[in-house]
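Raw contents of data13.txt, compact mmCIF, C-alpha atoms:
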```txt
# COMPACT_ATOMS: atom_id res chain seq x y z
CA MET A 297 -3.17 10.39 13.34
CA GLN A 298 -3.92 6.68 13.09
CA THR A 299 -3.35 4.65 16.26
CA ILE A 300 -3.29 0.87 16.69
CA HIS A 301 -4.13 -0.71 20.06
CA ILE A 302 -2.32 -4.00 20.73
CA THR A 303 -2.69 -6.38 23.66
CA GLY A 304 0.16 -8.85 23.57
CA GLY A 305 0.65 -12.35 24.86
CA ARG A 306 -1.69 -14.33 22.58
CA PRO A 307 -0.33 -17.05 20.25
CA LEU A 308 -1.47 -16.94 16.64
CA SER A 309 -3.18 -19.56 14.52
CA GLY A 310 -4.66 -19.53 11.02
CA THR A 311 -4.05 -18.97 7.32
CA LEU A 312 -3.44 -15.81 5.32
CA ARG A 313 -2.90 -15.02 1.64
CA PRO A 314 -0.74 -12.02 0.73
CA ALA A 315 -1.97 -9.68 -1.97
CA CYS A 316 0.23 -8.88 -4.94
CA ALA A 317 3.51 -7.17 -4.17
CA LYS A 318 3.44 -3.44 -3.63
CA ASN A 319 7.04 -3.30 -4.86
CA SER A 320 5.91 -4.86 -8.13
CA VAL A 321 2.52 -3.26 -8.77
CA LEU A 322 3.79 0.32 -8.33
CA PRO A 323 6.36 0.16 -11.17
CA LEU A 324 3.94 -1.94 -13.25
CA LEU A 325 1.37 0.84 -13.06
CA ALA A 326 4.01 3.25 -14.33
CA ALA A 327 4.98 0.83 -17.12
CA SER A 328 1.36 0.69 -18.29
CA LEU A 329 1.88 4.22 -19.65
CA LEU A 330 3.98 2.61 -22.40
CA CYS A 331 1.06 0.45 -23.57
CA ARG A 332 -1.30 1.27 -26.45
CA ALA A 333 -4.15 -0.87 -25.10
CA PRO A 334 -5.76 -1.28 -21.65
CA CYS A 335 -3.95 -3.12 -18.87
CA ALA A 336 -5.59 -4.89 -15.94
CA PHE A 337 -3.73 -5.90 -12.77
CA THR A 338 -5.41 -8.42 -10.47
CA HIS A 339 -5.41 -8.95 -6.68
CA VAL A 340 -4.09 -5.43 -6.03
CA PRO A 341 -4.31 -4.40 -2.36
CA ARG A 342 -5.86 -1.13 -1.23
CA LEU A 343 -2.71 0.74 -0.23
CA SER A 344 -2.14 4.45 0.08
CA ASP A 345 0.80 4.18 -2.35
CA VAL A 346 -1.45 2.47 -4.92
CA ASP A 347 -4.01 5.24 -4.50
CA THR A 348 -1.23 7.79 -5.00
CA SER A 349 -0.12 5.98 -8.16
CA LEU A 350 -3.64 6.05 -9.60
CA ALA A 351 -3.91 9.75 -8.78
CA LEU A 352 -0.55 10.35 -10.46
CA LEU A 353 -1.65 8.50 -13.62
CA ARG A 354 -4.80 10.58 -13.81
CA ALA A 355 -2.86 13.77 -13.10
CA VAL A 356 -0.57 13.27 -16.10
CA GLY A 357 -3.58 12.56 -18.32
CA ALA A 358 -3.82 8.76 -18.36
CA GLY A 359 -6.86 6.67 -17.50
CA ALA A 360 -6.86 4.61 -14.30
CA MET A 361 -9.51 3.09 -12.07
CA ARG A 362 -10.07 0.38 -9.49
CA GLN A 363 -12.90 -2.18 -9.44
CA GLY A 364 -12.61 -4.37 -6.37
CA THR A 365 -9.15 -5.93 -6.37
CA THR A 366 -8.54 -5.22 -10.07
CA VAL A 367 -6.84 -2.02 -11.22
CA THR A 368 -7.26 -1.03 -14.88
CA THR A 369 -5.35 1.55 -16.89
CA TRP A 370 -6.06 2.60 -20.46
CA PRO A 371 -4.13 4.52 -23.11
CA VAL A 372 -4.57 8.08 -24.27
CA PRO A 373 -2.96 9.94 -27.20
CA ASP A 374 0.55 11.29 -26.65
CA CYS A 375 -0.76 14.84 -26.97
CA THR A 376 -3.09 14.25 -24.01
CA LEU A 377 -0.26 13.31 -21.66
CA THR A 378 1.86 15.78 -19.72
CA GLY A 379 5.38 15.09 -18.61
CA ALA A 380 5.03 17.23 -15.48
CA VAL A 381 4.55 15.04 -12.41
CA PRO A 382 2.60 16.98 -9.75
CA PRO A 383 4.53 17.70 -6.55
CA ALA A 384 1.73 16.24 -4.39
CA GLN A 385 2.16 12.75 -5.84
CA ALA A 386 5.94 12.97 -6.26
CA GLY A 387 6.37 13.98 -2.64
CA ALA A 388 4.08 11.28 -1.31
CA MET A 389 6.04 8.24 -2.45
CA ARG A 390 9.47 7.21 -3.62
CA SER A 391 7.95 5.16 -6.46
CA SER A 392 7.13 8.33 -8.41
CA VAL A 393 10.66 7.91 -9.84
CA PHE A 394 9.30 5.05 -11.98
CA TYR A 395 7.44 7.59 -14.12
CA LEU A 396 10.66 9.08 -15.46
CA ALA A 397 11.17 6.55 -18.26
CA PRO A 398 7.53 6.08 -19.40
CA LEU A 399 6.79 9.80 -19.54
CA LEU A 400 10.12 10.53 -21.23
CA CYS A 401 9.30 7.94 -23.90
CA ARG A 402 5.72 9.13 -24.40
CA CYS A 403 6.07 12.91 -24.00
CA GLY A 404 9.67 13.60 -24.99
CA THR A 405 10.25 15.46 -21.76
CA VAL A 406 9.53 14.84 -18.09
CA ARG A 407 9.87 16.93 -14.95
CA LEU A 408 9.83 15.11 -11.62
CA PRO A 409 9.96 16.93 -8.28
CA LEU A 410 12.31 15.11 -5.94
CA PRO A 411 10.42 11.98 -4.81
CA GLY A 412 9.34 11.30 -1.25
CA GLY A 413 8.54 8.15 0.72
CA CYS A 414 9.94 6.73 3.93
CA ARG A 415 12.83 8.67 5.53
CA LEU A 416 15.45 5.94 5.21
CA GLY A 417 18.38 8.18 4.38
CA PRO A 418 19.89 9.15 1.01
CA ARG A 419 18.56 7.15 -1.94
CA PRO A 420 20.18 8.64 -5.05
CA VAL A 421 18.86 8.14 -8.57
CA ASP A 422 22.21 8.65 -10.27
CA ILE A 423 22.17 5.16 -11.84
CA HIS A 424 18.71 5.78 -13.33
CA LEU A 425 19.94 9.04 -14.84
CA ALA A 426 23.27 7.66 -16.07
CA GLY A 427 21.49 4.85 -17.90
CA LEU A 428 18.97 7.18 -19.52
CA THR A 429 21.84 9.48 -20.55
CA ALA A 430 23.58 6.51 -22.16
CA MET A 431 20.38 5.99 -24.20
CA GLY A 432 20.56 9.58 -25.48
CA ALA A 433 18.53 11.54 -22.94
CA GLN A 434 19.58 14.95 -21.61
CA VAL A 435 19.34 15.41 -17.84
CA GLU A 436 19.05 18.68 -15.93
CA LEU A 437 19.15 18.70 -12.13
CA SER A 438 17.95 21.52 -9.90
CA ALA A 439 17.59 21.84 -6.17
CA ASP A 440 14.04 20.52 -6.19
CA ALA A 441 13.44 18.61 -9.44
CA ILE A 442 14.78 16.39 -12.20
CA ARG A 443 14.13 17.33 -15.84
CA ILE A 444 14.90 14.89 -18.68
CA THR A 445 14.40 15.44 -22.40
CA ARG A 446 15.11 13.51 -25.59
CA ASN A 447 15.72 14.68 -29.14
CA GLY A 448 14.26 11.94 -31.26
CA TRP A 449 13.99 8.38 -29.97
CA LEU A 450 16.21 6.88 -27.32
CA HIS A 451 18.74 4.38 -28.65
CA GLY A 452 19.93 1.04 -27.37
CA THR A 453 23.10 0.85 -25.33
CA ASP A 454 25.39 -1.50 -23.44
CA PHE A 455 25.24 -0.18 -19.88
CA THR A 456 26.76 -1.46 -16.64
CA LEU A 457 25.04 -0.50 -13.39
CA ARG A 458 27.58 0.46 -10.71
CA LEU A 459 25.48 -1.54 -8.23
CA PRO A 460 22.43 -3.79 -8.68
CA SER A 461 19.79 -1.14 -7.98
CA VAL A 462 16.25 -2.49 -8.27
CA GLY A 463 14.81 0.93 -9.09
CA ALA A 464 17.41 1.68 -11.74
CA THR A 465 17.04 -1.75 -13.32
CA LEU A 466 13.26 -1.28 -13.56
CA THR A 467 13.63 2.22 -14.99
CA LEU A 468 16.16 1.21 -17.65
CA LEU A 469 14.21 -1.94 -18.53
CA MET A 470 11.13 0.18 -19.27
CA ALA A 471 13.11 2.70 -21.30
CA ALA A 472 14.91 -0.01 -23.27
CA THR A 473 11.66 -1.41 -24.64
CA GLN A 474 11.08 1.89 -26.45
CA ALA A 475 14.68 2.57 -27.50
CA ALA A 476 15.81 1.92 -31.06
CA GLY A 477 18.03 -1.16 -31.22
CA ASP A 478 19.22 -3.56 -28.55
CA THR A 479 20.05 -2.70 -24.95
CA VAL A 480 22.19 -4.82 -22.63
CA LEU A 481 21.97 -4.08 -18.90
CA ARG A 482 24.91 -5.53 -16.97
CA GLY A 483 25.07 -5.77 -13.19
CA ALA A 484 21.26 -5.69 -13.13
CA ALA A 485 19.22 -6.45 -10.02
CA CYS A 486 17.80 -9.98 -9.90
CA GLU A 487 14.81 -9.53 -7.55
CA PRO A 488 11.46 -11.22 -8.28
CA GLU A 489 10.01 -7.78 -9.02
CA ILE A 490 12.46 -7.46 -11.95
CA VAL A 491 11.28 -10.80 -13.31
CA ASP A 492 7.69 -9.63 -12.83
CA MET A 493 8.30 -6.46 -14.84
CA ALA A 494 9.91 -8.50 -17.63
CA ARG A 495 6.95 -10.91 -17.64
CA PHE A 496 4.51 -8.02 -17.95
CA LEU A 497 6.46 -6.32 -20.75
CA GLN A 498 6.72 -9.64 -22.59
CA ALA A 499 2.96 -10.14 -22.22
CA CYS A 500 2.55 -6.74 -23.87
CA GLY A 501 4.83 -7.65 -26.79
CA ALA A 502 8.33 -6.64 -25.66
CA SER A 503 11.42 -8.78 -26.25
CA VAL A 504 13.23 -9.24 -22.93
CA THR A 505 15.66 -12.02 -22.01
CA GLY A 506 17.80 -12.64 -18.95
CA ALA A 507 15.55 -11.09 -16.29
CA GLY A 508 16.45 -12.61 -12.93
CA THR A 509 20.14 -12.73 -13.90
CA PRO A 510 22.77 -9.94 -13.80
CA VAL A 511 22.59 -9.49 -17.60
CA ILE A 512 19.32 -8.45 -19.25
CA THR A 513 18.94 -7.98 -22.99
CA VAL A 514 16.10 -5.98 -24.52
CA ARG A 515 15.30 -5.70 -28.23
CA GLY A 516 13.69 -2.28 -28.34
CA GLY A 517 11.43 -0.34 -30.63
CA ARG A 518 8.37 -2.58 -30.38
CA GLU A 519 4.93 -1.08 -29.81
CA LEU A 520 3.41 -2.51 -26.64
CA SER A 521 -0.17 -3.68 -26.41
CA GLY A 522 -1.99 -4.26 -23.14
CA ALA A 523 -2.39 -7.32 -20.93
CA VAL A 524 -4.30 -8.82 -18.04
CA PHE A 525 -1.60 -9.51 -15.50
CA ALA A 526 -1.34 -11.08 -12.03
CA PRO A 527 1.66 -9.53 -10.22
CA VAL A 528 3.86 -11.65 -8.01
CA PRO A 529 2.69 -12.23 -4.40
CA ASP A 530 4.04 -9.80 -1.81
CA ARG A 531 7.05 -11.57 -0.30
CA ILE A 532 7.51 -8.83 2.32
CA ALA A 533 3.91 -9.20 3.52
CA ALA A 534 4.45 -12.96 3.60
CA ALA A 535 7.60 -12.45 5.67
CA THR A 536 5.62 -10.18 8.00
CA TYR A 537 3.04 -12.92 8.63
CA ALA A 538 5.86 -15.42 9.21
CA ALA A 539 7.58 -13.03 11.62
CA ALA A 540 4.29 -12.53 13.49
CA ALA A 541 4.16 -16.27 14.20
CA ALA A 542 7.77 -16.18 15.37
CA CYS A 543 7.15 -13.20 17.66
CA ALA A 544 3.83 -14.24 19.19
CA GLY A 545 4.14 -18.01 18.97
CA GLY A 546 1.66 -20.46 17.49
CA ALA A 547 1.35 -21.59 13.87
CA VAL A 548 0.60 -19.49 10.80
CA THR A 549 0.16 -20.74 7.24
CA VAL A 550 0.79 -18.46 4.27
CA GLU A 551 -0.82 -19.68 1.06
CA HIS A 552 -0.66 -18.68 -2.61
CA CYS A 553 2.95 -17.60 -2.09
CA PRO A 554 5.90 -19.79 -3.13
CA PRO A 555 8.30 -20.06 -0.16
CA ALA A 556 11.21 -19.57 -2.58
CA LEU A 557 10.23 -15.88 -2.77
CA LEU A 558 11.39 -15.37 0.82
CA ASP A 559 13.76 -18.27 1.35
CA SER A 560 16.44 -16.20 3.10
CA PHE A 561 13.91 -15.05 5.71
CA LEU A 562 12.51 -18.54 6.26
CA VAL A 563 16.04 -19.90 6.69
CA PHE A 564 16.62 -17.19 9.32
CA LEU A 565 13.48 -18.27 11.18
CA GLU A 566 14.59 -21.91 11.05
CA ARG A 567 17.98 -21.02 12.49
CA SER A 568 16.17 -19.12 15.23
CA GLY A 569 14.22 -22.24 16.25
CA CYS A 570 10.99 -22.03 14.25
CA ASP A 571 9.65 -25.06 12.44
CA ILE A 572 9.03 -24.37 8.74
CA GLN A 573 6.96 -26.67 6.54
CA ARG A 574 7.26 -25.81 2.84
CA GLY A 575 4.96 -26.62 -0.06
CA ARG A 576 5.07 -25.47 -3.67
CA THR A 577 2.91 -22.38 -3.11
CA ARG A 578 2.47 -22.30 0.67
CA PHE A 579 4.37 -22.64 3.92
CA THR A 580 3.66 -22.89 7.64
CA VAL A 581 5.67 -21.28 10.44
CA THR A 582 5.39 -22.77 13.93
CA ARG A 583 7.05 -21.44 17.10
CA GLN A 584 6.53 -23.32 20.37
CA ARG A 585 9.58 -22.43 22.46
CA ARG A 586 11.93 -19.54 23.11
CA LEU A 587 13.96 -18.66 20.06
CA GLN A 588 17.75 -18.60 19.78
CA GLY A 589 19.73 -15.53 18.71
CA GLY A 590 23.45 -15.46 18.07
CA GLN A 591 22.93 -14.56 14.41
CA GLU A 592 24.68 -12.14 12.09
CA LEU A 593 22.43 -10.93 9.28
CA VAL A 594 23.54 -8.74 6.37
CA THR A 595 21.07 -7.35 3.84
CA GLY A 596 21.78 -7.33 0.13
CA GLY A 597 20.36 -7.82 -3.32
CA TRP A 598 18.39 -10.91 -4.23
CA PRO A 599 18.73 -13.69 -3.14
CA ALA A 600 20.43 -12.26 -0.03
CA PHE A 601 18.51 -11.13 3.04
CA ALA A 602 16.06 -8.41 1.93
CA THR A 603 16.45 -4.94 3.41
CA ASP A 604 12.68 -4.63 3.97
CA THR A 605 12.79 -7.70 6.23
CA ALA A 606 15.59 -6.37 8.46
CA PRO A 607 13.27 -4.63 10.98
CA LEU A 608 11.01 -7.71 10.99
CA ALA A 609 13.98 -9.92 11.85
CA ALA A 610 14.93 -7.50 14.62
CA ALA A 611 11.44 -7.84 16.14
CA VAL A 612 11.82 -11.63 16.12
CA LEU A 613 15.22 -11.46 17.88
CA LEU A 614 14.13 -9.11 20.70
CA THR A 615 13.23 -12.04 22.97
CA ALA A 616 15.61 -14.64 21.49
CA ALA A 617 18.39 -15.91 23.73
CA GLY A 618 21.79 -14.46 22.85
CA GLU A 619 23.17 -11.48 20.97
CA SER A 620 22.58 -10.86 17.28
CA THR A 621 23.54 -8.19 14.75
CA ILE A 622 21.76 -6.98 11.63
CA ARG A 623 23.59 -4.81 9.08
CA ASP A 624 21.74 -3.01 6.31
CA THR A 625 23.91 -2.28 3.30
CA LEU A 626 21.31 -0.16 1.48
CA PHE A 627 19.67 2.37 3.81
CA GLN A 628 21.31 4.49 6.45
CA SER A 629 18.25 4.92 8.67
CA ARG A 630 16.70 1.46 8.43
CA PHE A 631 16.61 0.98 12.23
CA ALA A 632 14.72 4.08 13.33
CA CYS A 633 12.38 1.59 15.03
CA ALA A 634 15.07 0.90 17.68
CA GLU A 635 13.69 3.67 19.89
CA GLY A 636 10.34 1.87 19.96
CA PHE A 637 12.03 -1.45 20.72
CA ALA A 638 13.69 0.18 23.73
CA ALA A 639 10.35 1.52 24.95
CA LEU A 640 9.07 -2.08 24.98
CA GLY A 641 11.97 -3.10 27.21
CA ALA A 642 14.26 -4.54 24.53
CA ASP A 643 18.06 -4.30 24.71
CA THR A 644 19.19 -2.90 21.36
CA ALA A 645 21.90 -0.55 20.14
CA VAL A 646 22.28 1.23 16.79
CA GLY A 647 25.75 1.67 15.35
CA GLU A 648 27.73 2.28 12.18
CA GLY A 649 25.88 5.49 11.42
CA GLY A 650 22.47 3.83 11.70
CA ARG A 651 23.25 0.84 9.49
CA CYS A 652 23.80 -1.77 12.21
CA LEU A 653 21.46 -2.95 14.97
CA THR A 654 22.70 -5.08 17.85
CA VAL A 655 20.01 -7.06 19.67
CA ARG A 656 20.62 -8.70 23.05
CA GLY A 657 17.61 -10.87 23.67
CA VAL A 658 15.56 -10.34 26.82
CA GLU A 659 13.12 -12.80 28.32
CA THR A 660 10.07 -10.52 28.32
CA LEU A 661 8.81 -7.26 26.85
CA HIS A 662 6.17 -4.91 28.29
CA GLY A 663 3.54 -2.70 26.72
CA ALA A 664 4.46 0.85 25.73
CA ARG A 665 3.48 3.91 23.74
CA LEU A 666 5.17 3.67 20.36
CA HIS A 667 5.56 5.76 17.22
CA ALA A 668 5.92 4.18 13.78
CA PRO A 669 8.93 5.88 12.13
CA ASP A 670 8.35 4.39 8.67
CA LEU A 671 6.57 1.56 6.86
CA ARG A 672 8.62 -1.52 7.79
CA GLY A 673 9.75 -0.11 11.13
CA GLY A 674 6.11 0.45 12.05
CA ALA A 675 5.23 -3.13 11.10
CA ALA A 676 8.14 -4.38 13.19
CA LEU A 677 6.93 -2.46 16.24
CA LEU A 678 3.45 -3.90 15.78
CA LEU A 679 4.89 -7.43 15.72
CA ALA A 680 7.09 -6.76 18.76
CA ALA A 681 4.04 -5.54 20.68
CA LEU A 682 2.32 -8.88 19.99
CA CYS A 683 4.74 -10.63 22.36
CA ALA A 684 4.84 -7.86 24.98
CA GLY A 685 2.87 -8.14 28.19
CA GLY A 686 0.01 -5.67 28.53
CA GLU A 687 -1.28 -3.05 26.14
CA SER A 688 0.67 -1.03 23.62
CA LEU A 689 -0.40 1.96 21.55
CA LEU A 690 1.24 2.45 18.16
CA TYR A 691 0.90 6.03 16.93
CA ASP A 692 1.59 7.37 13.40
CA ALA A 693 0.44 3.98 12.13
CA GLY A 694 -0.57 5.48 8.80
CA HIS A 695 2.95 4.64 7.60
CA ILE A 696 1.98 0.96 7.72
CA SER A 697 -0.93 1.43 5.30
CA ARG A 698 1.58 2.34 2.59
CA GLY A 699 2.56 -1.33 2.39
CA TYR A 700 -0.26 -3.37 3.96
CA GLU A 701 -3.95 -3.08 3.22
CA ASP A 702 -4.96 -3.96 6.78
CA LEU A 703 -2.13 -5.48 8.83
CA PRO A 704 -3.99 -5.17 12.17
CA GLY A 705 -7.01 -6.87 10.59
CA ASP A 706 -4.86 -9.65 9.15
CA LEU A 707 -3.30 -10.30 12.54
CA HIS A 708 -6.73 -10.14 14.20
CA THR A 709 -7.91 -13.01 11.97
CA LEU A 710 -5.02 -15.03 13.40
CA GLY A 711 -6.15 -14.36 16.97
CA ALA A 712 -4.15 -11.24 17.84
CA LEU A 713 -5.77 -8.55 19.94
CA CYS A 714 -5.10 -5.45 17.83
CA ARG A 715 -7.36 -2.87 16.29
```
I'd like the structure from this file rewritten - as structure tokens, please.
Amino acid sequence: MQTIHITGGRPLSGTLRPACAKNSVLPLLAASLLCRAPCAFTHVPRLSDVDTSLALLRAVGAGAMRQGTTVTTWPVPDCTLTGAVPPAQAGAMRSSVFYLAPLLCRCGTVRLPLPGGCRLGPRPVDIHLAGLTAMGAQVELSADAIRITRNGWLHGTDFTLRLPSVGATLTLLMAATQAAGDTVLRGAACEPEIVDMARFLQACGASVTGAGTPVITVRGGRELSGAVFAPVPDRIAAATYAAAAACAGGAVTVEHCPPALLDSFLVFLERSGCDIQRGRTRFTVTRQRRLQGGQELVTGGWPAFATDTAPLAAAVLLTAAGESTIRDTLFQSRFACAEGFAALGADTAVGEGGRCLTVRGVETLHGARLHAPDLRGGAALLLAALCAGGESLLYDAGHISRGYEDLPGDLHTLGALCR
């Protein structure tokens, strides 16, 4: 069980560069199965979820390897691939769902054990399945797995998502490139990771227009080649570094990351009393005084406040003057980190079935023994401990490595005492 030791009370100073986005590279690795030539992805962090993705690719018969910060995949004949995703990889991460469309297109059938990942409450895949059904696939559901088959090629369709699901948009975008005819996805998610997927597919020869808007059009049936591709910077890691400066004080610069990728979070920090200096591909967060609360944050699809930043915002508000509320519209158990906040001496309350966190700012926090409940909640507890007096121990910290290559090491380079 991984444990992080944190001694709080030290302001931060320095510059960091986020790696490419985990939430982009994981579906991109799945999409590479559609390609008939090698694909190379640059500046990929060493994350446990990336390792799981590479193991999954190899397990279904594809080629995948890492050399430094570059991950390369290469094609194999259809007959070499298997559409059966191993339970070990499916259960280890939610992103195994991204293999439904590529394996269905390549193998004609795919069986996916119910995917795992952070315990954030129900996260149905009904939109993914409804869209694939509209393209001609047949879906069978059992208590422990999803099985999808196709008779002949998928066909284009005009499909409206009942809500702008990022995962469903990515899944249907991949499938549409291999479907016969045109596909129109309405009510699509607009996140930067959607744009990134479209950029990659276009680089490989696909015809995709409208990515980043609610209506995406794909002209399907084109064979995809490979590409050397630089995924978008990790906006959630960038927000984490920004939140660290807000929690601990000092000044932190994040470079090689356009501030527009996390504008809603930077605006939140400004309203809280941080000074934000923006450049084209970098920004600096400075906090020199006690922050102000009194905010009402609601998560939503891009460009609204991102759900993954909700626990980070909560950590920032723990010592801000006034009462604030954060509502998460996507995940029921987003604020499992509230128990850890309370152990640090924070005044928080969870309501609305786990979807709402009320934070009444206190002047000081103290060290405590903490348990990371999930990826972003664990990161939030680490940040909160940076501004707590004394030493804190964060147990079950392995959750954090699913989204950050070395968050304690990154913070240590900024002057934090954590290891």
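Our summary of the geometry notes that atom CA of A:Val421 is positioned 9.3 Å from atom CA of A:Ser461.
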Exercise: residues within 10 Å of coordinate (-3.6, -14.9, 23.7), counting only C-alpha atoms, as a PyMOL selection string
chain A and resi 303-308+544-546+682-683+711-713
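Take the candidates A:Pro510, A:Pro460, A:Gly590, A:Gly516 and check each one against A:Met431 using only C-alpha atoms; the shortest distance goes to A:Gly516.
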Could you tell me which of A:Gln498, A:Thr445, A:Thr615, A:Gln628 comes closest to A:Ala642 if we count only C-alpha atoms?
A:Thr615
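Residues in contact with A:Cys375 at 10 Å, where only C-alpha atoms are counted and same-chain residues fewer than 6 positions away are skipped, are listed as Gly357, Arg402 and Cys403 of chain A.
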Expected residue set, 8 Å radius at (10.3, 18.2, -6.7), all atoms listed in the file, as an MDAnalysis selection string
chainID A and resid 383 386:387 408:411 440:442
Please, what is the axis-aligned box for every listed atom of stretch 599-616 of chain A with 3 Å on each side, as centre and edge lengths in Å to one decimal, as AutoDock Vina command-line options?
```
--center_x 15.7 --center_y -9.6 --center_z 9.9 --size_x 15.4 --size_y 16.0 --size_z 32.1
```
Using only C-alpha atoms: which of A:Gly463, A:Gly452, A:Pro554, A:Pro607 has the shortest distance to A:Gly517:
A:Gly452
Non-local contacts of A:Thr605 (12 Å; only C-alpha atoms; under 2 positions in same chain excluded) as a compact mmCIF listing (two decimals) with C-alpha atoms, keeping the file's coordinate frame:
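Below is the file around26.txt, written as the result:
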```
# COMPACT_ATOMS: atom_id res chain seq x y z
CA ARG A 531 7.05 -11.57 -0.30
CA ILE A 532 7.51 -8.83 2.32
CA ALA A 533 3.91 -9.20 3.52
CA ALA A 534 4.45 -12.96 3.60
CA ALA A 535 7.60 -12.45 5.67
CA THR A 536 5.62 -10.18 8.00
CA TYR A 537 3.04 -12.92 8.63
CA ALA A 538 5.86 -15.42 9.21
CA ALA A 539 7.58 -13.03 11.62
CA LEU A 558 11.39 -15.37 0.82
CA ASP A 559 13.76 -18.27 1.35
CA SER A 560 16.44 -16.20 3.10
CA PHE A 561 13.91 -15.05 5.71
CA LEU A 562 12.51 -18.54 6.26
CA PHE A 564 16.62 -17.19 9.32
CA LEU A 565 13.48 -18.27 11.18
CA LEU A 593 22.43 -10.93 9.28
CA VAL A 594 23.54 -8.74 6.37
CA THR A 595 21.07 -7.35 3.84
CA GLY A 596 21.78 -7.33 0.13
CA ALA A 600 20.43 -12.26 -0.03
CA PHE A 601 18.51 -11.13 3.04
CA ALA A 602 16.06 -8.41 1.93
CA THR A 603 16.45 -4.94 3.41
CA PRO A 607 13.27 -4.63 10.98
CA LEU A 608 11.01 -7.71 10.99
CA ALA A 609 13.98 -9.92 11.85
CA ALA A 610 14.93 -7.50 14.62
CA ALA A 611 11.44 -7.84 16.14
CA VAL A 612 11.82 -11.63 16.12
CA ILE A 622 21.76 -6.98 11.63
CA ARG A 623 23.59 -4.81 9.08
CA ASP A 624 21.74 -3.01 6.31
CA ARG A 630 16.70 1.46 8.43
CA PHE A 631 16.61 0.98 12.23
CA LEU A 671 6.57 1.56 6.86
CA ARG A 672 8.62 -1.52 7.79
CA GLY A 673 9.75 -0.11 11.13
CA ALA A 675 5.23 -3.13 11.10
CA ALA A 676 8.14 -4.38 13.19
```
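Across the structure, atom CA of A:Val435 and atom CA of A:Leu400 are spaced 11.0 Å apart.
Restricting the calculation to all atoms listed in the file, the smallest distance between A:Ser309 and any of A:Leu640, A:Ala541, A:Cys714, A:Ala693 is found for A:Ala541.
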Model the absent atoms of stretch 335-348 of chain A so that N, CA and C atoms are present, and write the result as an mmCIF file, keeping the file's coordinate frame.
```cif
data_model
loop_
_atom_site.group_PDB
_atom_site.id
_atom_site.type_symbol
_atom_site.label_atom_id
_atom_site.label_comp_id
_atom_site.auth_asym_id
_atom_site.auth_seq_id
_atom_site.Cartn_x
_atom_site.Cartn_y
_atom_site.Cartn_z
ATOM 1 N N CYS A 335 -4.631 -2.148 -19.718
ATOM 2 C CA CYS A 335 -3.950 -3.120 -18.870
ATOM 3 C C CYS A 335 -4.778 -3.333 -17.606
ATOM 4 N N ALA A 336 -4.856 -4.571 -17.160
ATOM 5 C CA ALA A 336 -5.590 -4.890 -15.940
ATOM 6 C C ALA A 336 -4.678 -5.683 -15.018
ATOM 7 N N PHE A 337 -4.570 -5.236 -13.767
ATOM 8 C CA PHE A 337 -3.730 -5.900 -12.770
ATOM 9 C C PHE A 337 -4.651 -6.453 -11.678
ATOM 10 N N THR A 338 -4.492 -7.735 -11.377
ATOM 11 C CA THR A 338 -5.410 -8.420 -10.470
ATOM 12 C C THR A 338 -4.833 -8.563 -9.068
ATOM 13 N N HIS A 339 -5.741 -8.726 -8.090
ATOM 14 C CA HIS A 339 -5.410 -8.950 -6.680
ATOM 15 C C HIS A 339 -4.534 -7.837 -6.119
ATOM 16 N N VAL A 340 -4.864 -6.593 -6.482
ATOM 17 C CA VAL A 340 -4.090 -5.430 -6.030
ATOM 18 C C VAL A 340 -4.648 -4.953 -4.687
ATOM 19 N N PRO A 341 -3.815 -4.838 -3.664
ATOM 20 C CA PRO A 341 -4.310 -4.400 -2.360
ATOM 21 C C PRO A 341 -4.658 -2.917 -2.357
ATOM 22 N N ARG A 342 -5.518 -2.543 -1.424
ATOM 23 C CA ARG A 342 -5.860 -1.130 -1.230
ATOM 24 C C ARG A 342 -4.812 -0.503 -0.330
ATOM 25 N N LEU A 343 -3.799 0.094 -0.953
ATOM 26 C CA LEU A 343 -2.710 0.740 -0.230
ATOM 27 C C LEU A 343 -2.693 2.221 -0.579
ATOM 28 N N SER A 344 -2.212 3.021 0.359
ATOM 29 C CA SER A 344 -2.140 4.450 0.080
ATOM 30 C C SER A 344 -1.204 4.737 -1.083
ATOM 31 N N ASP A 345 -0.119 3.963 -1.228
ATOM 32 C CA ASP A 345 0.800 4.180 -2.350
ATOM 33 C C ASP A 345 0.142 3.819 -3.683
ATOM 34 N N VAL A 346 -0.715 2.796 -3.693
ATOM 35 C CA VAL A 346 -1.450 2.470 -4.920
ATOM 36 C C VAL A 346 -2.411 3.597 -5.265
ATOM 37 N N ASP A 347 -3.111 4.114 -4.264
ATOM 38 C CA ASP A 347 -4.010 5.240 -4.500
ATOM 39 C C ASP A 347 -3.250 6.440 -5.055
ATOM 40 N N THR A 348 -2.056 6.693 -4.503
ATOM 41 C CA THR A 348 -1.230 7.790 -5.000
ATOM 42 C C THR A 348 -0.825 7.560 -6.440
#
```
